[in-house]
Amino acid sequence: MSVTKNILLVEDEENFGSLLQNYLRLSKYNVDWQKDGALGYSAFFKKDYDLCIFDIMMPNMDGFTLAEKIRAKGNDTPILFLTAKNMKEDIIRGYKVGACDYLNKPFDIEVLLLKLDVILQKGASISTPIEKKYSIGEYRFETSTRMLQTNSFSKKLSPKEGALLLLLCQHLNDVTPREKALTQIWEEDNYFTTRSMDVYITKLRKYLSLDKNVEIKNVHSSGYGLFVK
C-alpha cells in the first residue's frame, strides 16, 4: 500500500495557492500551504516533507533564498519552483540552489502532477541499496547509512550525494563517465542536470578536503575521477 506523500507549498497568491492546495489534496497528497517564504521556512522544520513547491517571487523571503537556507541546513528534500519568469539566469540559479524542476505559470495541473510523480519516484530510486564500506584515504564511507567519516569528521550525505560518491568509489582512481552519472542518478542528461551534478561534485570536494591525498578531478569532456594518492 502506498504511503501518502507530504508536500510543503509556499505561494503568496491567495486564490492560486488555495486552488493548488485543493487540487493536490484531491490527488491524495498531504499539503501544507504557507503564504510567504519566512512562514515556509518556519514550517519546513516542523514536519518531514517528501517534496516542496516554492513560488519564486514572494514577500519576506523569495523562493531562491528559502531554498538556499534549507540547503544550508544539509537538507536535500526535492524542490520544484513555480515562476512567472522564463529567464535563463533564474533557471540556472534555481538549479544551483538545488531545484529538481521548474514550472512556468500558468501551467496545466496534469503536467504538475506528472512532474511530482517523476520527482518522487527519482527520490525513491537513488537511495543507496546495498551495504558496503569504502576507504577513501583517511575517510570511511558506509553506503547503507551514507555516513562519510574520519577520526575527526562525520557527515551524513544526502541521497544524491551518497549515490554520486558511491559511483565515484566504484570507479576509484579512474574516470566516472558524466553520462553514466547523469542517467543513473538524475535519470536525464541535459544542460541543467549537468549543472546540478557540478554543484554536488563541489559539495563532495568540500567534504573530502581534509585529506590532501584525496582529490576529485575534472576529466575534460569525459566526467570526473576520484583519485587517492
# chains A, B, ... in the order shown; residues from 1 in each chain; ligands from 1
$ residues_around --residues "Thr176 in chain A" --least-positions-apart "5" --cutoff "7 Å" --atoms "only C-alpha atoms" --output "ChimeraX atom specification"
/A:168,171,223-225
$ residues_around --residues "Ala99 in chain A" --least-positions-apart "6" --cutoff "8 Å" --atoms "only C-alpha atoms" --output "MDAnalysis selection string"
chainID A and resid 78:81
$ closest_residue --among "A:Phe141, A:Tyr134, A:Phe64, A:Phe54" --to "Leu103 in chain A" --atoms "only C-alpha atoms"
A:Phe54
$ select_by_dssp --residues "range 14-114 of chain A" --states "helix (DSSP H, G or I)" --output "count of residues only"
46
$ atom_distance --atom1 "CA of Arg195 in chain A" --atom2 "CA of Ala181 in chain A"
12.4 Å
$ closest_residue --among "A:Ile91, A:Leu82, A:Leu116, A:Leu208" --to "Leu24 in chain A" --atoms "only C-alpha atoms"
A:Leu116
$ closest_residue --among "A:Asp12, A:Leu26, A:Ser18, A:Ile216" --to "Leu39 in chain A" --atoms "only C-alpha atoms"
A:Asp12
$ atom_distance --atom1 "CA of Lys35 in chain A" --atom2 "CA of Val10 in chain A"
5.7 Å
$ select_by_dssp --residues "range 160-215 of chain A" --states "strand (DSSP E)" --output "VMD selection string"
chain A and resid 175 to 177 214 to 215
$ write_last_selection --atoms "C-alpha atoms" --output "PDB file, in the first residue's frame"
ATOM      1  CA  VAL A 175      37.091   8.174 -14.774  1.00  0.00           C
ATOM      2  CA  THR A 176      33.406   8.149 -13.872  1.00  0.00           C
ATOM      3  CA  PRO A 177      31.632   8.973 -17.177  1.00  0.00           C
ATOM      4  CA  VAL A 214      42.140  12.723  -1.930  1.00  0.00           C
ATOM      5  CA  GLU A 215      41.004  14.639  -4.985  1.00  0.00           C
TER       6      GLU A 215
END
$ residues_around --residues "Ser209 in chain A" --least-positions-apart "5" --cutoff "12 Å" --atoms "only C-alpha atoms" --output "mmCIF file with C-alpha atoms, in the first residue's frame"
data_model
loop_
_atom_site.group_PDB
_atom_site.id
_atom_site.type_symbol
_atom_site.label_atom_id
_atom_site.label_comp_id
_atom_site.auth_asym_id
_atom_site.auth_seq_id
_atom_site.Cartn_x
_atom_site.Cartn_y
_atom_site.Cartn_z
ATOM 1 C CA ILE A 136 38.993 6.834 0.666
ATOM 2 C CA GLY A 137 42.331 7.925 2.075
ATOM 3 C CA GLU A 138 41.585 8.885 5.676
ATOM 4 C CA TYR A 139 37.833 8.643 5.060
ATOM 5 C CA THR A 150 37.299 10.301 9.597
ATOM 6 C CA PHE A 153 34.866 14.415 10.869
ATOM 7 C CA THR A 202 31.629 20.790 -5.405
ATOM 8 C CA LYS A 203 29.937 19.634 -2.190
ATOM 9 C CA LEU A 204 31.787 16.310 -2.212
ATOM 10 C CA VAL A 214 42.140 12.723 -1.930
ATOM 11 C CA GLU A 215 41.004 14.639 -4.985
ATOM 12 C CA ILE A 216 38.030 14.736 -7.343
ATOM 13 C CA VAL A 228 43.698 8.779 -3.894
#
$ residues_around --residues "Glu68 in chain A" --least-positions-apart "2" --cutoff "12 Å" --atoms "only C-alpha atoms" --output "PDB file with C-alpha atoms, in the first residue's frame"
ATOM      1  CA  GLY A  37       8.978  32.471   2.411  1.00  0.00           C
ATOM      2  CA  TYR A  41      10.995  28.288   6.347  1.00  0.00           C
ATOM      3  CA  PHE A  54       8.066  27.130  -3.887  1.00  0.00           C
ATOM      4  CA  MET A  61      11.702  35.787   1.672  1.00  0.00           C
ATOM      5  CA  ASP A  62      11.811  34.786  -2.002  1.00  0.00           C
ATOM      6  CA  GLY A  63      11.823  31.170  -3.134  1.00  0.00           C
ATOM      7  CA  PHE A  64      15.531  31.127  -4.009  1.00  0.00           C
ATOM      8  CA  THR A  65      16.536  32.380  -0.567  1.00  0.00           C
ATOM      9  CA  LEU A  66      14.164  29.912   1.080  1.00  0.00           C
ATOM     10  CA  ILE A  70      17.071  24.914   3.667  1.00  0.00           C
ATOM     11  CA  ARG A  71      20.026  23.509   1.722  1.00  0.00           C
ATOM     12  CA  ALA A  72      22.426  25.276   4.129  1.00  0.00           C
ATOM     13  CA  LYS A  73      20.990  23.043   6.865  1.00  0.00           C
ATOM     14  CA  GLY A  74      22.064  19.993   4.867  1.00  0.00           C
ATOM     15  CA  ASN A  75      18.543  19.054   3.796  1.00  0.00           C
ATOM     16  CA  ASP A  76      18.078  17.518   0.337  1.00  0.00           C
ATOM     17  CA  THR A  77      14.263  17.421   0.085  1.00  0.00           C
ATOM     18  CA  ILE A  79      12.180  21.348  -4.542  1.00  0.00           C
ATOM     19  CA  ARG A  93      20.207  29.930 -10.182  1.00  0.00           C
ATOM     20  CA  GLY A  94      17.333  27.656  -9.243  1.00  0.00           C
ATOM     21  CA  TYR A  95      19.242  24.533 -10.175  1.00  0.00           C
ATOM     22  CA  LYS A  96      22.318  25.813  -8.336  1.00  0.00           C
ATOM     23  CA  VAL A  97      20.343  26.100  -5.102  1.00  0.00           C
ATOM     24  CA  GLY A  98      19.054  22.572  -5.564  1.00  0.00           C
ATOM     25  CA  ALA A  99      15.876  22.693  -7.646  1.00  0.00           C
TER      26      ALA A  99
END
$ closest_residue --among "A:Met57, A:Lys88, A:Lys46, A:Asp211" --to "Tyr191 in chain A" --atoms "only C-alpha atoms"
A:Lys88
$ closest_residue --among "A:Leu166, A:Leu172, A:Leu148, A:Ile92" --to "Tyr207 in chain A" --atoms "only C-alpha atoms"
A:Leu148
$ residues_around --residues "Asp48 in chain A" --least-positions-apart "6" --cutoff "10 Å" --atoms "only C-alpha atoms" --output "PDB file with N, CA and C atoms, in the first residue's frame"
ATOM      1  N   LYS A   5       2.162  11.108   0.420  1.00  0.00           N
ATOM      2  CA  LYS A   5       3.325  11.983   0.468  1.00  0.00           C
ATOM      3  C   LYS A   5       2.960  13.353   1.045  1.00  0.00           C
ATOM      4  N   ASN A   6       3.897  13.902   1.810  1.00  0.00           N
ATOM      5  CA  ASN A   6       3.715  15.233   2.401  1.00  0.00           C
ATOM      6  C   ASN A   6       4.389  16.290   1.527  1.00  0.00           C
ATOM      7  N   ILE A   7       3.639  17.320   1.182  1.00  0.00           N
ATOM      8  CA  ILE A   7       4.152  18.401   0.342  1.00  0.00           C
ATOM      9  C   ILE A   7       4.008  19.732   1.079  1.00  0.00           C
ATOM     10  N   LEU A   8       5.076  20.534   1.032  1.00  0.00           N
ATOM     11  CA  LEU A   8       5.013  21.903   1.537  1.00  0.00           C
ATOM     12  C   LEU A   8       4.884  22.840   0.346  1.00  0.00           C
ATOM     13  N   THR A  77      15.640  17.643   0.533  1.00  0.00           N
ATOM     14  CA  THR A  77      14.263  17.421   0.085  1.00  0.00           C
ATOM     15  C   THR A  77      14.063  18.011  -1.306  1.00  0.00           C
TER      16      THR A  77
END
$ atom_distance --atom1 "CA of Lys47 in chain A" --atom2 "CA of Leu9 in chain A"
12.9 Å
$ closest_residue --among "A:Cys169, A:Val118, A:Cys52, A:Leu210" --to "Lys132 in chain A" --atoms "only C-alpha atoms"
A:Cys169
$ residues_around --residues "Leu20 in chain A" --least-positions-apart "4" --cutoff "10 Å" --atoms "only C-alpha atoms" --output "short mmCIF file (atom, residue, chain, number, x, y, z; two decimals) with N, CA and C atoms, in the first residue's frame"
data_model
loop_
_atom_site.label_atom_id
_atom_site.label_comp_id
_atom_site.auth_asym_id
_atom_site.auth_seq_id
_atom_site.Cartn_x
_atom_site.Cartn_y
_atom_site.Cartn_z
N LEU A 9 3.77 23.56 0.28
CA LEU A 9 3.52 24.54 -0.77
C LEU A 9 3.72 25.93 -0.18
N GLU A 11 3.37 29.71 -1.44
CA GLU A 11 2.83 30.52 -2.54
C GLU A 11 2.06 31.69 -1.95
N ASN A 15 -5.63 33.18 -4.13
CA ASN A 15 -6.53 32.33 -4.91
C ASN A 15 -5.80 31.15 -5.53
N PHE A 16 -4.62 31.42 -6.09
CA PHE A 16 -3.85 30.36 -6.73
C PHE A 16 -3.38 29.32 -5.72
N LEU A 24 -4.12 19.36 -5.26
CA LEU A 24 -3.14 18.36 -4.80
C LEU A 24 -3.75 17.43 -3.74
N ARG A 25 -4.60 17.97 -2.90
CA ARG A 25 -5.27 17.13 -1.91
C ARG A 25 -6.22 16.14 -2.58
N LEU A 26 -6.90 16.59 -3.63
CA LEU A 26 -7.76 15.69 -4.39
C LEU A 26 -6.96 14.57 -5.06
N VAL A 31 -0.98 18.28 1.92
CA VAL A 31 -0.39 19.56 1.51
C VAL A 31 -0.55 20.60 2.60
N TRP A 33 0.11 24.57 3.23
CA TRP A 33 0.28 25.78 2.42
C TRP A 33 0.69 26.95 3.31
N ILE A 109 -2.41 21.58 -14.59
CA ILE A 109 -2.28 20.84 -13.34
C ILE A 109 -1.86 19.39 -13.60
#
$ decode --residues "range 75-111 of chain A" --atoms "N, CA and C atoms" --output "PDB file, in the first residue's frame"
ATOM      1  N   ASN A  75      19.735  19.797   4.196  1.00  0.00           N
ATOM      2  CA  ASN A  75      18.543  19.054   3.796  1.00  0.00           C
ATOM      3  C   ASN A  75      18.454  18.956   2.279  1.00  0.00           C
ATOM      4  N   ASP A  76      18.095  17.770   1.777  1.00  0.00           N
ATOM      5  CA  ASP A  76      18.078  17.518   0.337  1.00  0.00           C
ATOM      6  C   ASP A  76      16.670  17.206  -0.184  1.00  0.00           C
ATOM      7  N   THR A  77      15.640  17.643   0.533  1.00  0.00           N
ATOM      8  CA  THR A  77      14.263  17.421   0.085  1.00  0.00           C
ATOM      9  C   THR A  77      14.063  18.011  -1.306  1.00  0.00           C
ATOM     10  N   PRO A  78      13.461  17.270  -2.241  1.00  0.00           N
ATOM     11  CA  PRO A  78      13.250  17.801  -3.597  1.00  0.00           C
ATOM     12  C   PRO A  78      12.439  19.099  -3.589  1.00  0.00           C
ATOM     13  N   ILE A  79      12.856  20.049  -4.431  1.00  0.00           N
ATOM     14  CA  ILE A  79      12.180  21.348  -4.542  1.00  0.00           C
ATOM     15  C   ILE A  79      11.811  21.597  -5.997  1.00  0.00           C
ATOM     16  N   LEU A  80      10.553  21.955  -6.212  1.00  0.00           N
ATOM     17  CA  LEU A  80      10.079  22.374  -7.522  1.00  0.00           C
ATOM     18  C   LEU A  80       9.695  23.843  -7.428  1.00  0.00           C
ATOM     19  N   PHE A  81      10.226  24.664  -8.342  1.00  0.00           N
ATOM     20  CA  PHE A  81       9.939  26.089  -8.334  1.00  0.00           C
ATOM     21  C   PHE A  81       8.789  26.420  -9.286  1.00  0.00           C
ATOM     22  N   LEU A  82       7.913  27.307  -8.841  1.00  0.00           N
ATOM     23  CA  LEU A  82       6.877  27.895  -9.688  1.00  0.00           C
ATOM     24  C   LEU A  82       7.295  29.327  -9.991  1.00  0.00           C
ATOM     25  N   THR A  83       7.226  29.716 -11.244  1.00  0.00           N
ATOM     26  CA  THR A  83       7.691  31.057 -11.583  1.00  0.00           C
ATOM     27  C   THR A  83       6.944  31.638 -12.772  1.00  0.00           C
ATOM     28  N   ALA A  84       6.789  32.943 -12.762  1.00  0.00           N
ATOM     29  CA  ALA A  84       6.245  33.652 -13.914  1.00  0.00           C
ATOM     30  C   ALA A  84       7.373  34.064 -14.842  1.00  0.00           C
ATOM     31  N   LYS A  85       8.607  33.833 -14.403  1.00  0.00           N
ATOM     32  CA  LYS A  85       9.775  34.203 -15.196  1.00  0.00           C
ATOM     33  C   LYS A  85      10.203  33.053 -16.093  1.00  0.00           C
ATOM     34  N   ASN A  86      10.881  33.375 -17.165  1.00  0.00           N
ATOM     35  CA  ASN A  86      11.422  32.343 -18.037  1.00  0.00           C
ATOM     36  C   ASN A  86      12.829  32.739 -18.484  1.00  0.00           C
ATOM     37  N   MET A  87      13.573  33.376 -17.566  1.00  0.00           N
ATOM     38  CA  MET A  87      14.912  33.835 -17.884  1.00  0.00           C
ATOM     39  C   MET A  87      15.932  32.744 -17.564  1.00  0.00           C
ATOM     40  N   LYS A  88      16.894  32.568 -18.463  1.00  0.00           N
ATOM     41  CA  LYS A  88      17.913  31.535 -18.295  1.00  0.00           C
ATOM     42  C   LYS A  88      18.652  31.694 -16.979  1.00  0.00           C
ATOM     43  N   GLU A  89      18.962  32.949 -16.590  1.00  0.00           N
ATOM     44  CA  GLU A  89      19.728  33.199 -15.366  1.00  0.00           C
ATOM     45  C   GLU A  89      18.966  32.701 -14.137  1.00  0.00           C
ATOM     46  N   ASP A  90      17.643  32.910 -14.135  1.00  0.00           N
ATOM     47  CA  ASP A  90      16.833  32.464 -12.998  1.00  0.00           C
ATOM     48  C   ASP A  90      16.759  30.945 -12.937  1.00  0.00           C
ATOM     49  N   ILE A  91      16.640  30.319 -14.102  1.00  0.00           N
ATOM     50  CA  ILE A  91      16.592  28.854 -14.141  1.00  0.00           C
ATOM     51  C   ILE A  91      17.904  28.272 -13.631  1.00  0.00           C
ATOM     52  N   ILE A  92      19.029  28.837 -14.076  1.00  0.00           N
ATOM     53  CA  ILE A  92      20.341  28.353 -13.640  1.00  0.00           C
ATOM     54  C   ILE A  92      20.498  28.539 -12.127  1.00  0.00           C
ATOM     55  N   ARG A  93      20.095  29.703 -11.627  1.00  0.00           N
ATOM     56  CA  ARG A  93      20.207  29.930 -10.182  1.00  0.00           C
ATOM     57  C   ARG A  93      19.375  28.916  -9.404  1.00  0.00           C
ATOM     58  N   GLY A  94      18.186  28.627  -9.916  1.00  0.00           N
ATOM     59  CA  GLY A  94      17.333  27.656  -9.243  1.00  0.00           C
ATOM     60  C   GLY A  94      17.980  26.289  -9.128  1.00  0.00           C
ATOM     61  N   TYR A  95      18.580  25.830 -10.212  1.00  0.00           N
ATOM     62  CA  TYR A  95      19.242  24.533 -10.175  1.00  0.00           C
ATOM     63  C   TYR A  95      20.468  24.565  -9.267  1.00  0.00           C
ATOM     64  N   LYS A  96      21.153  25.705  -9.209  1.00  0.00           N
ATOM     65  CA  LYS A  96      22.318  25.813  -8.336  1.00  0.00           C
ATOM     66  C   LYS A  96      21.948  25.718  -6.867  1.00  0.00           C
ATOM     67  N   VAL A  97      20.758  26.194  -6.503  1.00  0.00           N
ATOM     68  CA  VAL A  97      20.343  26.100  -5.102  1.00  0.00           C
ATOM     69  C   VAL A  97      19.615  24.784  -4.820  1.00  0.00           C
ATOM     70  N   GLY A  98      19.562  23.914  -5.827  1.00  0.00           N
ATOM     71  CA  GLY A  98      19.054  22.572  -5.564  1.00  0.00           C
ATOM     72  C   GLY A  98      17.684  22.246  -6.093  1.00  0.00           C
ATOM     73  N   ALA A  99      17.187  22.993  -7.081  1.00  0.00           N
ATOM     74  CA  ALA A  99      15.876  22.693  -7.646  1.00  0.00           C
ATOM     75  C   ALA A  99      15.901  21.375  -8.402  1.00  0.00           C
ATOM     76  N   CYS A 100      14.810  20.630  -8.318  1.00  0.00           N
ATOM     77  CA  CYS A 100      14.654  19.425  -9.134  1.00  0.00           C
ATOM     78  C   CYS A 100      14.007  19.751 -10.472  1.00  0.00           C
ATOM     79  N   ASP A 101      13.143  20.782 -10.478  1.00  0.00           N
ATOM     80  CA  ASP A 101      12.443  21.121 -11.711  1.00  0.00           C
ATOM     81  C   ASP A 101      11.806  22.499 -11.565  1.00  0.00           C
ATOM     82  N   TYR A 102      11.281  22.982 -12.701  1.00  0.00           N
ATOM     83  CA  TYR A 102      10.616  24.275 -12.796  1.00  0.00           C
ATOM     84  C   TYR A 102       9.265  24.097 -13.467  1.00  0.00           C
ATOM     85  N   LEU A 103       8.329  24.975 -13.130  1.00  0.00           N
ATOM     86  CA  LEU A 103       7.096  25.118 -13.896  1.00  0.00           C
ATOM     87  C   LEU A 103       6.820  26.598 -14.072  1.00  0.00           C
ATOM     88  N   ASN A 104       6.600  27.010 -15.310  1.00  0.00           N
ATOM     89  CA  ASN A 104       6.270  28.405 -15.587  1.00  0.00           C
ATOM     90  C   ASN A 104       4.764  28.618 -15.507  1.00  0.00           C
ATOM     91  N   LYS A 105       4.353  29.643 -14.772  1.00  0.00           N
ATOM     92  CA  LYS A 105       2.934  29.993 -14.698  1.00  0.00           C
ATOM     93  C   LYS A 105       2.501  30.685 -15.987  1.00  0.00           C
ATOM     94  N   PRO A 106       1.280  30.433 -16.458  1.00  0.00           N
ATOM     95  CA  PRO A 106       0.321  29.418 -15.981  1.00  0.00           C
ATOM     96  C   PRO A 106       0.709  28.041 -16.491  1.00  0.00           C
ATOM     97  N   PHE A 107       0.274  27.007 -15.788  1.00  0.00           N
ATOM     98  CA  PHE A 107       0.614  25.659 -16.203  1.00  0.00           C
ATOM     99  C   PHE A 107      -0.604  24.747 -16.058  1.00  0.00           C
ATOM    100  N   ASP A 108      -0.532  23.610 -16.707  1.00  0.00           N
ATOM    101  CA  ASP A 108      -1.584  22.600 -16.641  1.00  0.00           C
ATOM    102  C   ASP A 108      -1.374  21.754 -15.392  1.00  0.00           C
ATOM    103  N   ILE A 109      -2.411  21.583 -14.588  1.00  0.00           N
ATOM    104  CA  ILE A 109      -2.285  20.837 -13.341  1.00  0.00           C
ATOM    105  C   ILE A 109      -1.863  19.391 -13.601  1.00  0.00           C
ATOM    106  N   GLU A 110      -2.263  18.836 -14.750  1.00  0.00           N
ATOM    107  CA  GLU A 110      -1.866  17.467 -15.076  1.00  0.00           C
ATOM    108  C   GLU A 110      -0.361  17.366 -15.286  1.00  0.00           C
ATOM    109  N   VAL A 111       0.224  18.422 -15.868  1.00  0.00           N
ATOM    110  CA  VAL A 111       1.676  18.448 -16.052  1.00  0.00           C
ATOM    111  C   VAL A 111       2.364  18.476 -14.694  1.00  0.00           C
TER     112      VAL A 111
END
